[in-house]
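Shown here: start20.pdb, PDB, C-alpha atoms and all ligand atoms.
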```pdb
ATOM      1  CA  MET D   1      -4.898 -13.905  12.252
ATOM      2  CA  LYS D   2      -6.803 -12.085  14.956
ATOM      3  CA  LEU D   3      -4.858  -9.418  16.843
ATOM      4  CA  THR D   4      -5.427  -8.374  20.418
ATOM      5  CA  LYS D   5      -6.149  -4.710  21.149
ATOM      6  CA  LEU D   6      -2.581  -4.322  22.460
ATOM      7  CA  GLN D   7      -1.099  -5.910  19.334
ATOM      8  CA  ARG D   8      -3.140  -3.558  17.122
ATOM      9  CA  THR D   9      -1.993  -0.567  19.151
ATOM     10  CA  GLN D  10       1.632  -1.665  18.877
ATOM     11  CA  LEU D  11       1.287  -2.388  15.169
ATOM     12  CA  LYS D  12      -0.264   1.028  14.492
ATOM     13  CA  GLN D  13       2.769   2.639  16.099
ATOM     14  CA  MET D  14       5.258   0.710  13.936
ATOM     15  CA  PHE D  15       5.746   3.847  11.818
ATOM     16  CA  ASN D  16       4.490   6.429  14.325
ATOM     17  CA  GLY D  17       0.898   5.976  13.307
ATOM     18  CA  ARG D  18       1.594   6.272   9.581
ATOM     19  CA  CYS D  19       0.751   3.952   6.712
ATOM     20  CA  THR D  20       3.661   1.670   5.871
ATOM     21  CA  TYR D  21       3.232   2.324   2.173
ATOM     22  CA  CYS D  22       2.093   5.917   1.552
ATOM     23  CA  GLY D  23       3.037   7.533   4.869
ATOM     24  CA  GLU D  24      -0.366   9.115   5.523
ATOM     25  CA  LEU D  25      -1.389   9.364   9.144
ATOM     26  CA  LEU D  26      -3.670   6.458   9.900
ATOM     27  CA  SER D  27      -7.246   7.300  10.771
ATOM     28  CA  GLU D  28      -9.327   5.245  13.158
ATOM     29  CA  LYS D  29     -10.044   2.924  10.252
ATOM     30  CA  TRP D  30      -6.835   1.209   9.212
ATOM     31  CA  HIS D  31      -5.844  -2.308   8.323
ATOM     32  CA  ALA D  32      -3.245  -4.760   9.496
ATOM     33  CA  ASP D  33      -1.874  -5.754   6.099
ATOM     34  CA  HIS D  34       0.079  -8.851   5.235
ATOM     35  CA  LEU D  35       3.299  -7.514   3.713
ATOM     36  CA  GLN D  36       3.755 -10.839   1.991
ATOM     37  CA  ALA D  37       0.250 -11.430   0.811
ATOM     38  CA  ILE D  38      -1.829 -14.362   1.807
ATOM     39  CA  ARG D  39      -4.384 -15.875  -0.495
ATOM     40  CA  ARG D  40      -7.600 -16.910   1.182
ATOM     41  CA  ASN D  41      -9.616 -19.824  -0.016
ATOM     42  CA  GLY D  42     -13.371 -19.696  -0.047
ATOM     43  CA  ASP D  43     -13.579 -21.663   3.191
ATOM     44  CA  GLY D  44     -11.575 -19.126   5.245
ATOM     45  CA  THR D  45      -8.299 -21.058   5.129
ATOM     46  CA  CYS D  46      -5.328 -19.589   3.276
ATOM     47  CA  GLU D  47      -2.966 -21.058   0.714
ATOM     48  CA  ASN D  48       0.177 -19.823   2.449
ATOM     49  CA  PRO D  49      -0.513 -19.891   6.192
ATOM     50  CA  GLU D  50       3.166 -19.317   6.942
ATOM     51  CA  HIS D  51       2.577 -15.657   5.985
ATOM     52  CA  ASP D  52      -0.347 -15.284   8.364
ATOM     53  CA  CYS D  53       1.747 -14.256  11.375
ATOM     54  CA  ILE D  54       2.307 -11.024  13.296
ATOM     55  CA  GLU D  55       5.855 -10.631  11.935
ATOM     56  CA  ASN D  56       4.337 -10.259   8.468
ATOM     57  CA  LEU D  57       1.786  -7.616   9.450
ATOM     58  CA  VAL D  58       2.213  -3.887   8.853
ATOM     59  CA  PRO D  59      -0.148  -0.955   9.391
ATOM     60  CA  ALA D  60      -1.801   0.291   6.221
ATOM     61  CA  CYS D  61      -4.432   2.844   5.328
ATOM     62  CA  THR D  62      -7.538   1.339   3.806
ATOM     63  CA  ALA D  63      -6.784   2.834   0.375
ATOM     64  CA  CYS D  64      -3.341   1.230   0.183
ATOM     65  CA  ASN D  65      -4.556  -2.079   1.530
ATOM     66  CA  HIS D  66      -7.405  -2.244  -0.967
ATOM     67  CA  ASN D  67      -5.193  -1.249  -3.863
ATOM     68  CA  LYS D  68      -2.345  -3.643  -2.991
ATOM     69  CA  ARG D  69      -4.744  -6.558  -2.549
ATOM     70  CA  SER D  70      -2.722  -9.770  -2.714
ATOM     71  CA  MET D  71       0.108  -8.374  -4.829
ATOM     72  CA  SER D  72       3.761  -8.568  -3.914
ATOM     73  CA  LEU D  73       5.425  -5.246  -3.154
ATOM     74  CA  GLU D  74       7.244  -5.289  -6.489
ATOM     75  CA  ALA D  75       4.094  -6.075  -8.458
ATOM     76  CA  TRP D  76       2.273  -3.259  -6.676
ATOM     77  CA  ARG D  77       5.186  -0.870  -7.260
ATOM     78  CA  ASP D  78       4.999  -1.678 -10.981
ATOM     79  CA  LEU D  79       1.232  -1.139 -10.975
ATOM     80  CA  LEU D  80       1.559   2.287  -9.328
ATOM     81  CA  ALA D  81       4.099   3.311 -11.967
ATOM     82  CA  HIS D  82       1.728   2.002 -14.626
ATOM     83  CA  TYR D  83      -1.066   4.204 -13.255
ATOM     84  CA  ARG D  84       1.205   7.232 -13.620
ATOM     85  CA  ASP D  85       2.874   6.334 -16.907
ATOM     86  CA  VAL D  86      -0.024   4.865 -18.837
ATOM     87  CA  GLN D  87      -3.386   4.343 -17.275
ATOM     88  CA  VAL D  88      -4.349   7.763 -15.929
ATOM     89  CA  ILE D  89      -3.329   9.569 -19.110
ATOM     90  CA  ARG D  90      -5.002   6.979 -21.337
ATOM     91  CA  ASP D  91      -8.212   6.665 -19.367
ATOM     92  CA  CYS D  92      -8.926  10.111 -17.974
ATOM     93  CA  ALA D  93      -9.878  12.915 -20.371
ATOM     94  CA  GLN D  94      -9.774  15.477 -17.559
ATOM     95  CA  VAL D  95      -6.146  14.624 -16.866
ATOM     96  CA  ARG D  96      -5.269  14.988 -20.561
ATOM     97  CA  HIS D  97      -6.991  18.415 -20.632
ATOM     98  CA  LEU D  98      -5.127  19.563 -17.545
ATOM     99  CA  MET D  99      -1.842  18.363 -19.062
ATOM    100  CA  ARG D 100      -2.482  20.261 -22.327
ATOM    101  CA  PHE D 101      -3.000  23.438 -20.346
ATOM    102  CA  GLY D 102       0.107  22.767 -18.293
ATOM    103  CA  LEU D 103      -1.870  22.606 -15.089
ATOM    104  CA  ILE D 104      -0.563  19.250 -13.935
ATOM    105  CA  GLU D 105       2.482  17.166 -14.602
ATOM    106  CA  PHE D 106       3.630  13.795 -13.449
ATOM    107  CA  VAL D 107       6.844  13.247 -11.578
ATOM    108  CA  LYS D 108       8.904  10.527 -13.212
ATOM    109  CA  LYS D 109      10.646   9.140 -10.208
ATOM    110  CA  PRO D 110      10.799   5.660  -8.758
ATOM    111  CA  VAL D 111       7.869   4.482  -6.677
ATOM    112  CA  VAL D 112       9.174   4.464  -3.113
ATOM    113  CA  PHE D 113       7.159   3.195  -0.195
ATOM    114  CA  TYR D 114       7.134   5.174   3.042
ATOM    115  CA  PHE D 115       8.934   2.524   5.062
ATOM    116  CA  GLU D 116      11.767   2.635   2.515
ATOM    117  CA  THR D 117      12.336   6.329   3.272
ATOM    118  CA  ILE D 118      13.000   5.737   6.954
ATOM    119  CA  ARG D 119      16.675   5.193   7.451
ATOM    120  CA  GLY D 120      17.549   1.916   9.102
ATOM    121  CA  THR D 121      14.021   0.645   8.899
ATOM    122  CA  SER D 122      12.963  -2.495   7.218
ATOM    123  CA  VAL D 123       9.814  -4.506   7.413
TER     124      VAL D 123
HETATM  125 ZN    ZN Y 201      -1.443   4.248   2.579
END
```

In structure tokens, how does this file's structure come out?
Amino acid sequence: MKLTKLQRTQLKQMFNGRCTYCGELLSEKWHADHLQAIRRNGDGTCENPEHDCIENLVPACTACNHNKRSMSLEAWRDLLAHYRDVQVIRDCAQVRHLMRFGLIEFVKKPVVFYFETIRGTSV
């Protein structure tokens, strides 16, 4: 759905100008992300138009929006944990070198989205 300039301004301020997911301050380039993903068809229509509404939009940095794609929050949470627990160590020799020298370590804690850290806030 197309947002007005006022709606975009209001949406950006939902979490004081921060990304809903990672908490980074949003730059001038940010996305209105569908919290519950929509799946677009090739002709511009979407498979679940009920999710294409302003109540389902949250502000997101471009990196989070691109990485989340059309995943559910729980699927994306699992993927982020997979990056940490498996993929980065398996696929990146530089990370394995740094780990052998004790120069980096991963924090084994649950993946928590920024909006989940704000007391009394839900999206
Ligand atoms: Zn982000």

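Comparing D:Thr20, D:Gln13, D:Gln87, D:Gln7 by their smallest distance to Val112 in chain D, the closest is D:Thr20 (using only C-alpha atoms).
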
Enumerate, in order of chain and increasing residue number, the residues of chain D with an atom no farther than 9 Å from ligand ZN 201 (chain Y), each with its shortest atom pair and distance in Å to one decimal, counting only C-alpha atoms and all ligand atoms, as JSON lines.
```
{"residue": "D:Arg18", "atom": "CA", "partner": "Y:ZN201", "partner_atom": "ZN", "distance": 7.9}
{"residue": "D:Cys19", "atom": "CA", "partner": "Y:ZN201", "partner_atom": "ZN", "distance": 4.7}
{"residue": "D:Thr20", "atom": "CA", "partner": "Y:ZN201", "partner_atom": "ZN", "distance": 6.6}
{"residue": "D:Tyr21", "atom": "CA", "partner": "Y:ZN201", "partner_atom": "ZN", "distance": 5.1}
{"residue": "D:Cys22", "atom": "CA", "partner": "Y:ZN201", "partner_atom": "ZN", "distance": 4.0}
{"residue": "D:Gly23", "atom": "CA", "partner": "Y:ZN201", "partner_atom": "ZN", "distance": 6.0}
{"residue": "D:Glu24", "atom": "CA", "partner": "Y:ZN201", "partner_atom": "ZN", "distance": 5.8}
{"residue": "D:Leu25", "atom": "CA", "partner": "Y:ZN201", "partner_atom": "ZN", "distance": 8.3}
{"residue": "D:Leu26", "atom": "CA", "partner": "Y:ZN201", "partner_atom": "ZN", "distance": 8.0}
{"residue": "D:Pro59", "atom": "CA", "partner": "Y:ZN201", "partner_atom": "ZN", "distance": 8.7}
{"residue": "D:Ala60", "atom": "CA", "partner": "Y:ZN201", "partner_atom": "ZN", "distance": 5.4}
{"residue": "D:Cys61", "atom": "CA", "partner": "Y:ZN201", "partner_atom": "ZN", "distance": 4.3}
{"residue": "D:Thr62", "atom": "CA", "partner": "Y:ZN201", "partner_atom": "ZN", "distance": 6.9}
{"residue": "D:Ala63", "atom": "CA", "partner": "Y:ZN201", "partner_atom": "ZN", "distance": 5.9}
{"residue": "D:Cys64", "atom": "CA", "partner": "Y:ZN201", "partner_atom": "ZN", "distance": 4.3}
{"residue": "D:Asn65", "atom": "CA", "partner": "Y:ZN201", "partner_atom": "ZN", "distance": 7.1}
{"residue": "D:Tyr114", "atom": "CA", "partner": "Y:ZN201", "partner_atom": "ZN", "distance": 8.6}
```

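Across D:Lys12, D:Lys68, D:His34, D:Arg119, the tightest approach to Ile54 in chain D is made by D:His34 when counting all atoms listed in the file.
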
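Interatomic distance, CA of Ser72 in chain D against CA of Val88 in chain D: 21.8 Å.
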
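By all atoms listed in the file, and with residues fewer than 4 positions from Pro110 in chain D along its chain excluded, the set lying at most 10 Å from it is Arg77, Asp78, Leu80 and Ala81 of chain D.
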
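Nearest to Asn67 in chain D of all the residues D:Glu55, D:Phe101, D:Tyr83, D:Leu11 is D:Tyr83, counting all atoms listed in the file.
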
How many Å lie between CA of Asn48 in chain D and CA of His31 in chain D, rounded to one decimal? 19.4 Å

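Note on the selection: in this file the PyMOL selection byres (((chain D and resi 39) around 12) and not hetatm) comes out as His34, Gln36, Ala37, Ile38, Arg40, Asn41, Gly42, Asp43, Gly44, Thr45, Cys46, Glu47, Asn48, Pro49, Glu50, His51, Asp52, Arg69, Ser70, Met71 and Ser72 of chain D.
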
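Going from CA of Phe15 in chain D over to CA of Ile118 in chain D, you cover 8.9 Å.
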
Have a look at D:Phe115, D:Val107, D:Val58, D:Met14 and name the one nearest to Asp33 in chain D; count all atoms listed in the file. D:Val58

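Counting only C-alpha atoms, the residue from D:Met1, D:Arg90, D:Asn16, D:Gly102 that sits nearest to Leu57 in chain D is D:Met1.
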
Completed range 68-97 of chain D (N, CA and C atoms) as a PDB file, keeping the file's coordinate frame:
```
ATOM      1  N   LYS D  68      -3.403  -2.615  -2.949  1.00  0.00           N
ATOM      2  CA  LYS D  68      -2.345  -3.643  -2.991  1.00  0.00           C
ATOM      3  C   LYS D  68      -2.934  -5.038  -3.140  1.00  0.00           C
ATOM      4  N   ARG D  69      -4.076  -5.238  -2.535  1.00  0.00           N
ATOM      5  CA  ARG D  69      -4.744  -6.558  -2.549  1.00  0.00           C
ATOM      6  C   ARG D  69      -3.747  -7.657  -2.194  1.00  0.00           C
ATOM      7  N   SER D  70      -3.630  -8.653  -3.032  1.00  0.00           N
ATOM      8  CA  SER D  70      -2.722  -9.770  -2.714  1.00  0.00           C
ATOM      9  C   SER D  70      -1.453  -9.722  -3.556  1.00  0.00           C
ATOM     10  N   MET D  71      -1.101  -8.516  -4.015  1.00  0.00           N
ATOM     11  CA  MET D  71       0.108  -8.374  -4.829  1.00  0.00           C
ATOM     12  C   MET D  71       1.368  -8.372  -3.961  1.00  0.00           C
ATOM     13  N   SER D  72       2.465  -8.758  -4.566  1.00  0.00           N
ATOM     14  CA  SER D  72       3.761  -8.568  -3.914  1.00  0.00           C
ATOM     15  C   SER D  72       4.078  -7.082  -3.956  1.00  0.00           C
ATOM     16  N   LEU D  73       5.026  -6.655  -3.136  1.00  0.00           N
ATOM     17  CA  LEU D  73       5.425  -5.246  -3.154  1.00  0.00           C
ATOM     18  C   LEU D  73       5.908  -4.821  -4.528  1.00  0.00           C
ATOM     19  N   GLU D  74       6.693  -5.671  -5.181  1.00  0.00           N
ATOM     20  CA  GLU D  74       7.244  -5.289  -6.489  1.00  0.00           C
ATOM     21  C   GLU D  74       6.162  -5.227  -7.561  1.00  0.00           C
ATOM     22  N   ALA D  75       5.200  -6.128  -7.497  1.00  0.00           N
ATOM     23  CA  ALA D  75       4.094  -6.075  -8.458  1.00  0.00           C
ATOM     24  C   ALA D  75       3.268  -4.812  -8.237  1.00  0.00           C
ATOM     25  N   TRP D  76       3.050  -4.463  -6.970  1.00  0.00           N
ATOM     26  CA  TRP D  76       2.273  -3.259  -6.676  1.00  0.00           C
ATOM     27  C   TRP D  76       3.049  -2.008  -7.085  1.00  0.00           C
ATOM     28  N   ARG D  77       4.350  -2.007  -6.848  1.00  0.00           N
ATOM     29  CA  ARG D  77       5.186  -0.870  -7.260  1.00  0.00           C
ATOM     30  C   ARG D  77       5.057  -0.661  -8.778  1.00  0.00           C
ATOM     31  N   ASP D  78       5.134  -1.759  -9.524  1.00  0.00           N
ATOM     32  CA  ASP D  78       4.999  -1.678 -10.981  1.00  0.00           C
ATOM     33  C   ASP D  78       3.617  -1.157 -11.377  1.00  0.00           C
ATOM     34  N   LEU D  79       2.590  -1.590 -10.658  1.00  0.00           N
ATOM     35  CA  LEU D  79       1.232  -1.139 -10.975  1.00  0.00           C
ATOM     36  C   LEU D  79       1.087   0.365 -10.724  1.00  0.00           C
ATOM     37  N   LEU D  80       1.646   0.851  -9.616  1.00  0.00           N
ATOM     38  CA  LEU D  80       1.559   2.287  -9.328  1.00  0.00           C
ATOM     39  C   LEU D  80       2.258   3.101 -10.414  1.00  0.00           C
ATOM     40  N   ALA D  81       3.398   2.626 -10.874  1.00  0.00           N
ATOM     41  CA  ALA D  81       4.099   3.311 -11.967  1.00  0.00           C
ATOM     42  C   ALA D  81       3.266   3.254 -13.244  1.00  0.00           C
ATOM     43  N   HIS D  82       2.594   2.142 -13.453  1.00  0.00           N
ATOM     44  CA  HIS D  82       1.728   2.002 -14.626  1.00  0.00           C
ATOM     45  C   HIS D  82       0.570   3.000 -14.557  1.00  0.00           C
ATOM     46  N   TYR D  83      -0.002   3.189 -13.395  1.00  0.00           N
ATOM     47  CA  TYR D  83      -1.066   4.204 -13.255  1.00  0.00           C
ATOM     48  C   TYR D  83      -0.554   5.542 -13.757  1.00  0.00           C
ATOM     49  N   ARG D  84       0.640   5.922 -13.280  1.00  0.00           N
ATOM     50  CA  ARG D  84       1.205   7.232 -13.620  1.00  0.00           C
ATOM     51  C   ARG D  84       1.598   7.301 -15.095  1.00  0.00           C
ATOM     52  N   ASP D  85       2.271   6.268 -15.579  1.00  0.00           N
ATOM     53  CA  ASP D  85       2.874   6.334 -16.907  1.00  0.00           C
ATOM     54  C   ASP D  85       1.896   6.043 -18.038  1.00  0.00           C
ATOM     55  N   VAL D  86       0.865   5.303 -17.761  1.00  0.00           N
ATOM     56  CA  VAL D  86      -0.024   4.865 -18.837  1.00  0.00           C
ATOM     57  C   VAL D  86      -1.498   5.093 -18.510  1.00  0.00           C
ATOM     58  N   GLN D  87      -1.951   4.485 -17.480  1.00  0.00           N
ATOM     59  CA  GLN D  87      -3.386   4.343 -17.275  1.00  0.00           C
ATOM     60  C   GLN D  87      -4.126   5.655 -17.066  1.00  0.00           C
ATOM     61  N   VAL D  88      -3.624   6.522 -16.225  1.00  0.00           N
ATOM     62  CA  VAL D  88      -4.349   7.763 -15.929  1.00  0.00           C
ATOM     63  C   VAL D  88      -4.434   8.646 -17.169  1.00  0.00           C
ATOM     64  N   ILE D  89      -3.342   8.726 -17.908  1.00  0.00           N
ATOM     65  CA  ILE D  89      -3.329   9.569 -19.110  1.00  0.00           C
ATOM     66  C   ILE D  89      -4.236   8.967 -20.181  1.00  0.00           C
ATOM     67  N   ARG D  90      -4.191   7.656 -20.325  1.00  0.00           N
ATOM     68  CA  ARG D  90      -5.002   6.979 -21.337  1.00  0.00           C
ATOM     69  C   ARG D  90      -6.495   7.043 -21.008  1.00  0.00           C
ATOM     70  N   ASP D  91      -6.812   6.877 -19.731  1.00  0.00           N
ATOM     71  CA  ASP D  91      -8.212   6.665 -19.367  1.00  0.00           C
ATOM     72  C   ASP D  91      -8.940   7.896 -18.851  1.00  0.00           C
ATOM     73  N   CYS D  92      -8.257   8.976 -18.615  1.00  0.00           N
ATOM     74  CA  CYS D  92      -8.926  10.111 -17.974  1.00  0.00           C
ATOM     75  C   CYS D  92      -8.788  11.371 -18.835  1.00  0.00           C
ATOM     76  N   ALA D  93      -9.887  11.740 -19.496  1.00  0.00           N
ATOM     77  CA  ALA D  93      -9.878  12.915 -20.371  1.00  0.00           C
ATOM     78  C   ALA D  93      -9.561  14.188 -19.588  1.00  0.00           C
ATOM     79  N   GLN D  94     -10.041  14.279 -18.364  1.00  0.00           N
ATOM     80  CA  GLN D  94      -9.774  15.477 -17.559  1.00  0.00           C
ATOM     81  C   GLN D  94      -8.278  15.632 -17.303  1.00  0.00           C
ATOM     82  N   VAL D  95      -7.588  14.549 -17.081  1.00  0.00           N
ATOM     83  CA  VAL D  95      -6.146  14.624 -16.866  1.00  0.00           C
ATOM     84  C   VAL D  95      -5.454  15.093 -18.150  1.00  0.00           C
ATOM     85  N   ARG D  96      -5.882  14.559 -19.291  1.00  0.00           N
ATOM     86  CA  ARG D  96      -5.269  14.988 -20.561  1.00  0.00           C
ATOM     87  C   ARG D  96      -5.514  16.488 -20.803  1.00  0.00           C
ATOM     88  N   HIS D  97      -6.711  16.971 -20.486  1.00  0.00           N
ATOM     89  CA  HIS D  97      -6.991  18.415 -20.632  1.00  0.00           C
ATOM     90  C   HIS D  97      -6.070  19.230 -19.728  1.00  0.00           C
TER      91      HIS D  97
END
```
